[in-house]
Amino acid sequence: MLITNTYIAKQFSQLADLLAIQGDNPFKIRAYRNAARTIANLPESLQTKVNRGEDIAQIPTIGSHISAKIREILQTGHLKKLEVLKRRFPSHLTDLLSIEGIGPKRAKVLYESLGIDTLDKLRSAARAHRIQTLPGFSATLEAKILKGTVLAKKEGHRFLYADAEPHAQALERYLKHCPGILDVVIAGSFRRRKDTVGDLDIVTTSHTPGQVMECFVRYPDVREVILHGDTRSTVILHNDLQVDLRCVAPESFGATLHYFTGSKSHNIAIRIFEKAKGFKVNEYGIFQGKERIASATEEEFYRAVGLRYIEPELRERRGEIRAAREGTLPALIEQSDLHGDLHLHTVASDGNATIEQMAEAGRARGYAYLAITDHSHHLPIVHGLDGDAVLGHIKAIRKVDASLPDLTLLAGMEVDILEDGTLALPDSILKELDIVLVGVHDHFDLTPTQQTRRILKALSNPYVHILAHPTGRLIGQRAPYRLRYKAFFAEVAAMGRILEINAQPTRMDLDDIHIQKAKEAGIRFAISTDSHRADTLEYIRYGIYQARRGWLEKGDVINTRPLNALRTILQP
DNA sequence: GCCGTTTTCGGCCCGACTGTTTTCAGTCG
C-alpha cells in the first residue's frame, strides 16, 4: 500500500481539528497543524525517507511523538489516536469548520446541542432558525452560516498566479485613485510569486484610512463585503477571489508590508527570534518597550532585526533567515539575464505560429537565440514529426535562421520518452539537431522506481540535453508523476543533464521546492515557455518567478549564457 | 507536541473585527 505525504498530512490535520473541537491543549493542536503543513510541503515522500533509514524526527516541527505517529501510519495505514477520536465524533463533523464563522467552539456547540454533524444538517437547521438561539450564536450569524453552506465554498481552491494577476493589477490601478491613498502594494503570496494564490492581500498607507476602506468596498467588481473595518476590510470579487485590504500610517508601511507579505512561517520565525532579544514585532513596527525602532520601509525592517534584505520570493522559511544572517543569500536571477527561450512549438507540430512568427516574437523581446522544438511523432494528438519530416523541418529552421541577422534559431525537437525509456527518434536523427529536449507524455502512473529508471535511461542518451517539464504536473489537474527524487537528482547532476523550468502557468514545472533541491544536487536549469503561440513568450516571467523561489542565480541557468557559451554546453 | 544565542522546562506571534459577551470570546489571517 502506498502512503503519500498528502495522506499523512491529512491525518494530522484531521487530528488537529478533532482535538480542537474536543477542547484540547491549543499548543498541541498547533504542533499537529504545523507538522501537517510541513509534511504536505516535503519534496520527498516520508515513506522513502523512512525506508532509507532517515531520522524523520530531525525535520523541523516533527519531533519524537509525531515521528512515531508517522511510522504508525506508514505501517498500518491508520493512526490509532485519530481512530479513537473518530469514534467519539462523527467523521464529517470537521466539515463544519470550513464554514466562515464556525470554529471548533461553535462546531462543538452545534453538535452537542443539536446533533449537527454534516453541512446538510447545518443548512437545514439554519433554514429552520434553530441555530440563532444557541449560546454564542445570533440571527446575524445564523444568516451568515446559511449563506456559507449554500455557497459551499470550494475548499482550498487556489487561483493560478497568472489568473490572479490581471485582477491584482486592476485593483492596484483602481486603489491608486482612491482619495487620501499614498502607497498601494499587493502583498501576500502574490508578492512572493507563488505559482498559485489563495487570496489577494493588499497593503496601503494613508492618513485617512476610513476613506480608503470606503473606496475599496465600492470597487465595481466586488460581489460581497465580508468585513468592513476602520483599517481592514475583506471583500469577495465576482470570480470568487477574496481580497483583504489593510491601511496603515506611512511610518508603519515597512512592518505592515513585511507582515502581509509573509509567509506566515517566515514571520513567526522572525518574531520568535526578536522576542528572544527583547523586541516586539507586530505589523506596526519593531518595538523596544514603547519605543518604535522601525520601520517605514522593509529595508529598514530587516536592518533593525539584524538581517540582510530578503527578497519576497525567498520568504518561505527554507533557510533564508540563516542565509540572511550569514550573508549567504543568493543574488537571484532577473528576467533581463535571459538571452533566449529554449522550448517553442510551431505549426509543424501542435503550435499555431510559423517559424517566422516565432522568430519575430523572439526578436521583439530582444533575444539572441530561440530553440524551435516541435514534437516527435509518437503522440498522435499533437501531430508530431517522424524521421524524414524532422530532417525537412531542420532545413526549414536553418533557412529562416539564415535570413535573420540579429537572432539565431537553434534546430531542436521535443522527443517523447517511450515507456521503456527509449526515445521516439533514432540517434541518426538526434545527431542532426542543435538541441534535444525529451519529455514524458504518457504512462504517468509507473511506480517511482520504474519512472525514475525510465527517465534516467532517456537522459543517458548522449544526444539529449534537457528534460522538459520534469514532473509532468498540471496544477489542479494532474499530480506530478512519482520519482525517487534524491537518487534522480544525483544521477541527473552526474550526467550533466539540464532540467527545464517550464513557464506555462498551469505547469510551473519544476516547482520551487524541487528547484532548490536540484540546485543543491548540482543541477543546471533552462527556463523556457513551451510556447505554442507567438504571444506567450512573455510567460517567461512566470518561469523567472519560480526560479527565484527556488533560489536560482544567473549562473544556474543555461539560457543566461551568450550564444557561443550555450553552444559549448550543448555539445554532446 | 515542539523546541533551545534564556532554556530539557516552560514557554508557544499578535492584532483586527464581529457580535450583544457590558469587558471579552471566538474567529480569522
# chains A, B, ... in the order shown; residues from 1 in each chain; ligands from 1

call {"tool": "interface_residues", "arguments": {"of": "chain A", "to": "chain B", "cutoff": "7 Å", "atoms": "only C-alpha atoms (C1' of nucleotides)", "output": "NGL selection string"}}
result
:A and (27-28 or 31 or 61 or 63 or 101 or 103 or 229 or 268 or 271 or 282)

call {"tool": "select_by_dssp", "arguments": {"residues": "region 481-533 of chain A", "states": "strand (DSSP E or B)", "output": "PyMOL selection string"}}
result
chain A and resi 498-502+509+524-528+531

call {"tool": "write_last_selection", "arguments": {"atoms": "N, CA and C atoms", "output": "PDB file, in the first residue's frame"}}
result
ATOM      1  N   ILE A 498      20.287  18.842 -18.071  1.00  0.00           N
ATOM      2  CA  ILE A 498      19.659  20.083 -17.629  1.00  0.00           C
ATOM      3  C   ILE A 498      18.172  19.863 -17.391  1.00  0.00           C
ATOM      4  N   LEU A 499      17.653  20.434 -16.334  1.00  0.00           N
ATOM      5  CA  LEU A 499      16.219  20.336 -16.066  1.00  0.00           C
ATOM      6  C   LEU A 499      15.547  21.632 -16.487  1.00  0.00           C
ATOM      7  N   GLU A 500      14.402  21.477 -17.120  1.00  0.00           N
ATOM      8  CA  GLU A 500      13.646  22.644 -17.562  1.00  0.00           C
ATOM      9  C   GLU A 500      12.805  23.203 -16.416  1.00  0.00           C
ATOM     10  N   ILE A 501      12.663  24.525 -16.428  1.00  0.00           N
ATOM     11  CA  ILE A 501      11.626  25.166 -15.622  1.00  0.00           C
ATOM     12  C   ILE A 501      10.620  25.674 -16.638  1.00  0.00           C
ATOM     13  N   ASN A 502       9.531  24.943 -16.756  1.00  0.00           N
ATOM     14  CA  ASN A 502       8.533  25.222 -17.783  1.00  0.00           C
ATOM     15  C   ASN A 502       7.602  26.318 -17.278  1.00  0.00           C
ATOM     16  N   ASP A 509       6.798  23.853 -13.878  1.00  0.00           N
ATOM     17  CA  ASP A 509       7.385  22.544 -13.616  1.00  0.00           C
ATOM     18  C   ASP A 509       8.818  22.556 -14.116  1.00  0.00           C
ATOM     19  N   ARG A 524      21.974  22.143 -13.356  1.00  0.00           N
ATOM     20  CA  ARG A 524      21.690  23.412 -14.031  1.00  0.00           C
ATOM     21  C   ARG A 524      20.322  23.350 -14.697  1.00  0.00           C
ATOM     22  N   PHE A 525      19.813  24.523 -15.049  1.00  0.00           N
ATOM     23  CA  PHE A 525      18.430  24.626 -15.499  1.00  0.00           C
ATOM     24  C   PHE A 525      18.313  25.410 -16.806  1.00  0.00           C
ATOM     25  N   ALA A 526      17.172  25.202 -17.486  1.00  0.00           N
ATOM     26  CA  ALA A 526      16.784  26.056 -18.610  1.00  0.00           C
ATOM     27  C   ALA A 526      15.393  26.586 -18.281  1.00  0.00           C
ATOM     28  N   ILE A 527      15.198  27.884 -18.412  1.00  0.00           N
ATOM     29  CA  ILE A 527      13.866  28.451 -18.188  1.00  0.00           C
ATOM     30  C   ILE A 527      13.242  28.717 -19.552  1.00  0.00           C
ATOM     31  N   SER A 528      12.117  28.063 -19.837  1.00  0.00           N
ATOM     32  CA  SER A 528      11.521  28.129 -21.173  1.00  0.00           C
ATOM     33  C   SER A 528      10.012  28.228 -21.088  1.00  0.00           C
ATOM     34  N   SER A 531       6.099  27.651 -25.520  1.00  0.00           N
ATOM     35  CA  SER A 531       5.048  28.400 -26.216  1.00  0.00           C
ATOM     36  C   SER A 531       4.538  27.650 -27.437  1.00  0.00           C
TER      37      SER A 531
END

call {"tool": "residues_around", "arguments": {"residues": "Ala304 (chain A)", "least_positions_apart": "4", "cutoff": "9 Å", "atoms": "only C-alpha atoms (C1' of nucleotides)", "output": "list in words"}}
result
Ile286, Ile293, Ala294, Ser295, Glu299 and Glu300 of chain A

call {"tool": "closest_atom_pairs", "arguments": {"of": "region 380-483 of chain A", "to": "region 552-565 of chain A", "cutoff": "12 Å", "atoms": "only C-alpha atoms", "output": "tab-separated table"}}
result
residue	atom	partner	partner_atom	distance
A:Asp406	CA	A:Leu563	CA	11.5
A:Leu407	CA	A:Leu563	CA	9.8
A:Thr408	CA	A:Leu563	CA	8.2
A:Leu409	CA	A:Leu563	CA	10.3
A:Leu410	CA	A:Leu563	CA	10.0
A:Asp434	CA	A:Leu563	CA	11.9
A:His465	CA	A:Ile558	CA	11.0
A:Ile466	CA	A:Ile558	CA	10.5

call {"tool": "residues_around", "arguments": {"residues": "region 73-77 of chain A", "least_positions_apart": "6", "cutoff": "9 Å", "atoms": "only C-alpha atoms (C1' of nucleotides)", "output": "number ranges by chain"}}
result
A: 1-4, 8, 11, 46-47, 50

call {"tool": "closest_residue", "arguments": {"among": "A:Arg192, A:Met413, A:Leu391, A:Gly472", "to": "Gln546 (chain A)", "atoms": "only C-alpha atoms"}}
result
A:Arg192

call {"tool": "closest_residue", "arguments": {"among": "A:Ile515, A:Leu110, A:Ile321, A:Ala187", "to": "Asp199 (chain A)", "atoms": "only C-alpha atoms"}}
result
A:Ala187

call {"tool": "residues_around", "arguments": {"residues": "region 93-98 of chain A", "least_positions_apart": "5", "cutoff": "10 Å", "atoms": "only C-alpha atoms (C1' of nucleotides)", "output": "PyMOL selection string"}}
result
chain A and resi 14-18+20-21+86+103-108+110-111+115-120+122+145+148-149+152-156

call {"tool": "select_by_dssp", "arguments": {"residues": "region 213-348 of chain A", "states": "helix (DSSP H, G or I)", "output": "ChimeraX atom specification"}}
result
/A:213-217,250-261,264-276,298-304,312-314,320-326,335-337

call {"tool": "atom_distance", "arguments": {"atom1": "CA of Gly306 (chain A)", "atom2": "CA of Glu326 (chain A)"}}
result
10.3 Å

call {"tool": "atom_distance", "arguments": {"atom1": "CA of Leu467 (chain A)", "atom2": "CA of Arg317 (chain A)"}}
result
28.5 Å
